[in-house]
Amino acid sequence: MAEEQKKRFGMVIDLRRCHGCKACQVACKSENEVPLGVWRSWVKEVEHGAYPNVKRHFLPRLCNHCENPICVRNCPTGASYKRPDGVVLVDYDKCIGCRYCIASCPYQARYLLPEGKVADKCTFCAHRVDQGVVPACVNTCIARARIFGDLNDPSSELRQLIDTNPVQVLKPETGLNPSVFYIAADGNAMRGSEIA
Amino acid sequence: MNATTVYNIFHVNPFGWVVAAYFTVAAVAAGAFLLASTVNLLGLKAHQAAGRAAAVLAPLAGALAGLLLIAELGRPARFWRVFTHFNPSSPLSWGAFILLAFLVVAVLYARAALAGKEEGRKGLAIAGTVAAGLVPVYTGFELIQARTSPLWNSTLIPVLFLCAAGVAGLSGVLLFGPALTAGATQKAGASRVAATGNGAAPAAAIGKAIAAFLAGSLILVIMQLMALSGASTEAGIVFRNIVTGKFAILFWGGYVLAGTVVPLVIFSGRGAGSRSLQVLASALAVAGVFALRLVDILGGQSFPLN
């Protein structure tokens with residue numbers, strides 16, 4: 001009997017459906033009690049053109065739960081770790097607050113908790129996923145733009161979306177193999193840019 | 001196409017001036033030990049007093065560097081955790097053990113140097129040379145591995161940091177040498193000036209070595225900026241921030257002019273024999289290393305991530 005392939009959780013964000021309501025951003029903040037001033041998930045907005053020919057593009061952001069996480073590789077204490085199902089987490093009790101993982105992450109997904117002074121980030125709502133429930137941002141998305149599931153399951157909706165659509169990941173050149181995929185992402189939104 | 005980012009989240013940059021101060025003080029410690037061990041291993045009798053001052057300065061600066069590193073942590077009381085878990089893929093994990101090894105050897109070497117013991121000193125000098133060389137190199141690799149910044153992700157960084165250790169360590173010895181060995185020299189009836197060498201000539205020779213390291217550092221910085229200028233959009237932003245933007249005064253005024261050109265002129269000119277000019281040039285050279293580290297740390301994070 002073939003060995004059962006282990007799970008690797010991931011997410012597809014279908015930007016043909018996203019209309020930038022930021023409900024995911026609010027749901028994440030509420031679900032995870034994320035303190036003021038820091039965010040586990042947010043929706044970047046980029047405008048193209050000039051009035052009256054203007055279009056706004058959205059790019060929901062979160063930890064990419066990379067297959068080769070540089071934060072885990074660089075953590076000196078083992079506080080940052082990857083679970084067998086691909087979810088990258090921080091063990092607050094082991095973290096010394098050196099910030100090296102924050103400096104290492106090319107996605108700016110990590111921050112130092114204002115209270116506690118340890119590294120923190122999106123957990124893919126591991127506490128929910130472990131109970132068989134999808135992450136809060138996925139659950140709350142009224143447009144069903146966010147799809148969560150097992151990347152290694154060919155029958156999952158997530159896998160099928162990836163297999164049947166051109167998908168993009170952020171900064172593929174880093175070789176970190178993100179587990180968050182975008183459909184129809186705007187090239188300008190995917191690039192780093194300051195607020196004008 | 002005209003594209004404007006109208007909403008995004010930017011978290012606070014992780015590294016600040018304390019990291020730059022740590023890199024500078026660690027460079028002083030490493031460079032000072034390399035001077036002490038060179039004097040010992042090559043038997044440079046004319047520089048014995050300077051070698052003794054360097055041997056004392058190395059563990060003092062090393063201990064201060066360690067304290068800065070701990071103070072920088074979000075949870076300083078947990079610093080010991082880096083010694084109970086070794087992650088071979090983390091430069092910071094290697095660095096903790098390298099710094100610890102350096103401190104132990106530097107303390108033992110300073111004890112032997114002050115007591116005038118020759119037994120076992122050469123072995124300590126060799127072990128300490130390896131550890132002292134690795135201290136600035138590991139800090140460079142720490143930045144390379146961060147991989148987010150086009151300024152940090154350069155193989156020139158460890159070489160630049162090694163050069164900076166030469167500048168900072170030797171300048172530290174010229175600056176603090178007389179104070180560090182005041183007790184020993186007074187006992188021997190010698191003057192305070194003699195603590196940086198057996199007279200003005202050895203101090204001037206150290207000044208010439210500092211000038212060489214300053215020139216080497218400047219060449220490396222120019223090479224790094226040239227490589228940065230057209231590498232990518234992010235690299236271009238960092239380049240402009242350093243050369244003409246918000247770090248230009250720190251870079252041109254602090255590092256290039258005050259921290260490199262002025263000490264270079266003093267150490268390579270006739271003023272190299274004057275104690276007051278040596279003190280001025282040494283202080284400026286150490287300040288220049290700090291200014292460049294600030295530019296590296298702050299400038300290296302001065303581009304938008306996504």
# chains A, B, ... in the order shown; residues from 1 in each chain; ligands from 1

call {"tool": "residues_around", "arguments": {"residues": "Asp120 of chain A", "least_positions_apart": "5", "cutoff": "8 Å", "atoms": "only C-alpha atoms", "output": "list in words"}}
result
Val90, Arg110, Tyr111, Leu112 and Leu113 of chain A

call {"tool": "write_last_selection", "arguments": {"atoms": "C-alpha atoms", "output": "tab-separated table (two decimals), in the first residue's frame"}}
result
chain	number	residue	atom	x	y	z
A	90	VAL	CA	6.74	30.72	16.93
A	110	ARG	CA	6.76	39.25	11.27
A	111	TYR	CA	6.92	41.81	14.04
A	112	LEU	CA	7.88	42.04	17.69
A	113	LEU	CA	4.89	41.88	20.01

call {"tool": "interface_residues", "arguments": {"of": "chain B", "to": "chain A", "cutoff": "6 Å", "atoms": "only C-alpha atoms", "output": "ChimeraX atom specification"}}
result
/B:2-8,14,73-75,78,82,85,87,89-90,92-93,146,148,304-306

call {"tool": "residues_around", "arguments": {"residues": "Gly140 of chain B", "least_positions_apart": "5", "cutoff": "10 Å", "atoms": "only C-alpha atoms", "output": "list in words"}}
result
Phe23, Pro91, Leu134, Val135, Gln145, Trp152, Asn153, Ser154, Thr155, Leu156, Ile157, Pro158, Val159, Leu160, Phe161 and Leu162 of chain B

call {"tool": "atom_distance", "arguments": {"atom1": "atom CA of Val12 of chain B", "atom2": "atom CA of Ser302 of chain B"}}
result
11.1 Å

call {"tool": "select_by_dssp", "arguments": {"residues": "chain A", "states": "alpha helix (DSSP H)", "output": "PyMOL selection string"}}
result
chain A and resi 23-32+70-74+100-104+126-129+136-140+157-164+187-190

call {"tool": "closest_residue", "arguments": {"among": "B:Ser217, B:Asn241, B:Ser268, B:Thr38", "to": "Cys163 of chain B", "atoms": "only C-alpha atoms"}}
result
B:Ser217

call {"tool": "residues_around", "arguments": {"residues": "segment 143-154 of chain A", "least_positions_apart": "4", "cutoff": "12 Å", "atoms": "only C-alpha atoms", "output": "VMD selection string"}}
result
chain A and resid 4 to 24 58 to 62 67 85 to 87 124 to 125 129 132 to 139 158 to 164 178 to 184

call {"tool": "atom_distance", "arguments": {"atom1": "atom CA of Phe239 of chain B", "atom2": "atom CA of Leu225 of chain B"}}
result
6.7 Å

call {"tool": "residues_around", "arguments": {"residues": "Lys208 of chain B", "least_positions_apart": "5", "cutoff": "10 Å", "atoms": "only C-alpha atoms", "output": "list of chain:residue names"}}
result
B:Pro202, B:Ala203, B:Phe213, B:Leu214, B:Leu264, B:Ile266, B:Phe267, B:Ser268, B:Gly269, B:Ala272

call {"tool": "residues_around", "arguments": {"residues": "Val25 of chain B", "least_positions_apart": "4", "cutoff": "10 Å", "atoms": "only C-alpha atoms", "output": "ChimeraX atom specification"}}
result
/B:19-21,29-31,58,60-66,68,165,168-169,172,286,289-290

call {"tool": "write_last_selection", "arguments": {"atoms": "N, CA, C and O atoms", "output": "mmCIF file, in the first residue's frame"}}
result
data_model
loop_
_atom_site.group_PDB
_atom_site.id
_atom_site.type_symbol
_atom_site.label_atom_id
_atom_site.label_comp_id
_atom_site.auth_asym_id
_atom_site.auth_seq_id
_atom_site.Cartn_x
_atom_site.Cartn_y
_atom_site.Cartn_z
ATOM 1 N N VAL B 19 22.383 47.776 17.458
ATOM 2 C CA VAL B 19 23.073 46.752 16.655
ATOM 3 C C VAL B 19 24.331 47.354 16.022
ATOM 4 O O VAL B 19 25.399 46.722 16.008
ATOM 5 N N ALA B 20 24.208 48.600 15.532
ATOM 6 C CA ALA B 20 25.376 49.281 14.944
ATOM 7 C C ALA B 20 26.460 49.477 16.011
ATOM 8 O O ALA B 20 27.655 49.303 15.739
ATOM 9 N N ALA B 21 26.040 49.838 17.234
ATOM 10 C CA ALA B 21 26.999 50.016 18.334
ATOM 11 C C ALA B 21 27.663 48.681 18.678
ATOM 12 O O ALA B 21 28.871 48.611 18.921
ATOM 13 N N ALA B 29 37.032 45.168 19.809
ATOM 14 C CA ALA B 29 37.547 44.013 20.561
ATOM 15 C C ALA B 29 38.359 43.085 19.657
ATOM 16 O O ALA B 29 39.493 42.704 19.995
ATOM 17 N N ALA B 30 37.793 42.742 18.516
ATOM 18 C CA ALA B 30 38.454 41.805 17.603
ATOM 19 C C ALA B 30 39.757 42.399 17.068
ATOM 20 O O ALA B 30 40.802 41.728 17.066
ATOM 21 N N GLY B 31 39.695 43.666 16.631
ATOM 22 C CA GLY B 31 40.886 44.313 16.083
ATOM 23 C C GLY B 31 41.980 44.456 17.119
ATOM 24 O O GLY B 31 43.166 44.250 16.817
ATOM 25 N N ALA B 58 40.935 44.237 24.491
ATOM 26 C CA ALA B 58 40.116 43.232 23.788
ATOM 27 C C ALA B 58 39.010 42.623 24.669
ATOM 28 O O ALA B 58 37.837 42.646 24.274
ATOM 29 N N LEU B 60 37.775 43.769 27.478
ATOM 30 C CA LEU B 60 36.868 44.823 27.990
ATOM 31 C C LEU B 60 35.842 45.190 26.918
ATOM 32 O O LEU B 60 34.632 45.238 27.188
ATOM 33 N N ALA B 61 36.343 45.420 25.692
ATOM 34 C CA ALA B 61 35.424 45.761 24.594
ATOM 35 C C ALA B 61 34.543 44.561 24.258
ATOM 36 O O ALA B 61 33.347 44.721 23.954
ATOM 37 N N GLY B 62 35.112 43.355 24.337
ATOM 38 C CA GLY B 62 34.333 42.140 24.054
ATOM 39 C C GLY B 62 33.180 41.984 25.036
ATOM 40 O O GLY B 62 32.060 41.623 24.641
ATOM 41 N N ALA B 63 33.461 42.269 26.319
ATOM 42 C CA ALA B 63 32.404 42.160 27.341
ATOM 43 C C ALA B 63 31.321 43.206 27.098
ATOM 44 O O ALA B 63 30.117 42.923 27.204
ATOM 45 N N LEU B 64 31.750 44.432 26.727
ATOM 46 C CA LEU B 64 30.775 45.498 26.436
ATOM 47 C C LEU B 64 29.915 45.114 25.225
ATOM 48 O O LEU B 64 28.693 45.341 25.218
ATOM 49 N N ALA B 65 30.574 44.500 24.221
ATOM 50 C CA ALA B 65 29.831 44.056 23.027
ATOM 51 C C ALA B 65 28.774 43.024 23.423
ATOM 52 O O ALA B 65 27.628 43.092 22.978
ATOM 53 N N GLY B 66 29.166 42.094 24.277
ATOM 54 C CA GLY B 66 28.220 41.070 24.741
ATOM 55 C C GLY B 66 27.040 41.692 25.473
ATOM 56 O O GLY B 66 25.883 41.300 25.262
ATOM 57 N N LEU B 68 25.883 44.745 25.083
ATOM 58 C CA LEU B 68 25.043 45.440 24.083
ATOM 59 C C LEU B 68 24.138 44.450 23.358
ATOM 60 O O LEU B 68 22.963 44.726 23.115
ATOM 61 N N ALA B 165 37.364 46.096 11.586
ATOM 62 C CA ALA B 165 37.939 45.634 12.856
ATOM 63 C C ALA B 165 39.377 46.125 12.971
ATOM 64 O O ALA B 165 39.833 46.506 14.056
ATOM 65 N N ALA B 168 39.012 49.920 13.803
ATOM 66 C CA ALA B 168 38.468 50.191 15.141
ATOM 67 C C ALA B 168 39.393 49.660 16.245
ATOM 68 O O ALA B 168 39.603 50.341 17.259
ATOM 69 N N GLY B 169 39.944 48.468 16.058
ATOM 70 C CA GLY B 169 40.801 47.871 17.091
ATOM 71 C C GLY B 169 42.077 48.651 17.297
ATOM 72 O O GLY B 169 42.451 48.987 18.432
ATOM 73 N N GLY B 172 41.338 52.031 18.733
ATOM 74 C CA GLY B 172 41.013 51.876 20.153
ATOM 75 C C GLY B 172 42.258 51.771 20.997
ATOM 76 O O GLY B 172 42.340 52.346 22.092
ATOM 77 N N VAL B 286 37.164 55.606 14.873
ATOM 78 C CA VAL B 286 36.176 54.740 15.537
ATOM 79 C C VAL B 286 34.767 55.272 15.277
ATOM 80 O O VAL B 286 33.840 54.507 14.970
ATOM 81 N N VAL B 289 33.701 54.272 11.872
ATOM 82 C CA VAL B 289 33.227 52.875 11.794
ATOM 83 C C VAL B 289 31.777 52.805 12.273
ATOM 84 O O VAL B 289 30.934 52.149 11.646
ATOM 85 N N PHE B 290 31.473 53.510 13.374
ATOM 86 C CA PHE B 290 30.102 53.522 13.894
ATOM 87 C C PHE B 290 29.149 54.162 12.876
ATOM 88 O O PHE B 290 28.043 53.646 12.643
#

call {"tool": "atom_distance", "arguments": {"atom1": "atom CA of Val262 of chain B", "atom2": "atom CA of Ala36 of chain B"}}
result
25.9 Å

call {"tool": "closest_residue", "arguments": {"among": "A:Gly175, A:Tyr51, A:Gly187, A:Ala126", "to": "Val88 of chain A", "atoms": "only C-alpha atoms"}}
result
A:Ala126

call {"tool": "select_by_dssp", "arguments": {"residues": "segment 8-116 of chain A", "states": "strand (DSSP E)", "output": "PyMOL selection string"}}
result
chain A and resi 9-14+42-50+53-61+80-82+88-90+111-112

call {"tool": "decode", "arguments": {"residues": "segment 179-194 of chain A", "atoms": "N, CA and C atoms", "output": "mmCIF file, in the first residue's frame"}}
result
data_model
loop_
_atom_site.group_PDB
_atom_site.id
_atom_site.type_symbol
_atom_site.label_atom_id
_atom_site.label_comp_id
_atom_site.auth_asym_id
_atom_site.auth_seq_id
_atom_site.Cartn_x
_atom_site.Cartn_y
_atom_site.Cartn_z
ATOM 1 N N SER A 179 3.652 29.066 0.545
ATOM 2 C CA SER A 179 2.445 28.230 0.463
ATOM 3 C C SER A 179 1.201 29.077 0.233
ATOM 4 N N VAL A 180 1.412 30.381 -0.011
ATOM 5 C CA VAL A 180 0.289 31.267 -0.331
ATOM 6 C C VAL A 180 0.408 31.638 -1.812
ATOM 7 N N PHE A 181 -0.650 31.332 -2.562
ATOM 8 C CA PHE A 181 -0.650 31.546 -4.015
ATOM 9 C C PHE A 181 -1.709 32.588 -4.370
ATOM 10 N N TYR A 182 -1.414 33.360 -5.397
ATOM 11 C CA TYR A 182 -2.363 34.380 -5.846
ATOM 12 C C TYR A 182 -2.811 34.070 -7.274
ATOM 13 N N ILE A 183 -4.078 34.304 -7.540
ATOM 14 C CA ILE A 183 -4.599 34.234 -8.903
ATOM 15 C C ILE A 183 -4.916 35.661 -9.341
ATOM 16 N N ALA A 184 -4.386 36.046 -10.498
ATOM 17 C CA ALA A 184 -4.641 37.371 -11.078
ATOM 18 C C ALA A 184 -4.143 38.521 -10.207
ATOM 19 N N ALA A 185 -2.965 38.352 -9.630
ATOM 20 C CA ALA A 185 -2.400 39.443 -8.820
ATOM 21 C C ALA A 185 -1.818 40.512 -9.727
ATOM 22 N N ASP A 186 -1.933 41.755 -9.298
ATOM 23 C CA ASP A 186 -1.397 42.873 -10.059
ATOM 24 C C ASP A 186 0.116 42.970 -9.825
ATOM 25 N N GLY A 187 0.867 43.089 -10.903
ATOM 26 C CA GLY A 187 2.326 43.127 -10.805
ATOM 27 C C GLY A 187 2.822 44.276 -9.951
ATOM 28 N N ASN A 188 2.199 45.435 -10.063
ATOM 29 C CA ASN A 188 2.635 46.582 -9.260
ATOM 30 C C ASN A 188 2.346 46.377 -7.780
ATOM 31 N N ALA A 189 1.229 45.720 -7.483
ATOM 32 C CA ALA A 189 0.894 45.473 -6.078
ATOM 33 C C ALA A 189 1.865 44.473 -5.466
ATOM 34 N N MET A 190 2.393 43.555 -6.286
ATOM 35 C CA MET A 190 3.300 42.531 -5.767
ATOM 36 C C MET A 190 4.680 43.085 -5.460
ATOM 37 N N ARG A 191 5.004 44.237 -6.047
ATOM 38 C CA ARG A 191 6.311 44.839 -5.791
ATOM 39 C C ARG A 191 6.274 45.656 -4.505
ATOM 40 N N GLY A 192 7.448 45.809 -3.885
ATOM 41 C CA GLY A 192 7.542 46.660 -2.706
ATOM 42 C C GLY A 192 7.360 48.110 -3.101
ATOM 43 N N SER A 193 6.588 48.863 -2.351
ATOM 44 C CA SER A 193 6.417 50.281 -2.666
ATOM 45 C C SER A 193 5.954 51.025 -1.427
ATOM 46 N N GLU A 194 6.372 52.295 -1.366
ATOM 47 C CA GLU A 194 5.966 53.119 -0.229
ATOM 48 C C GLU A 194 4.641 53.801 -0.550
#
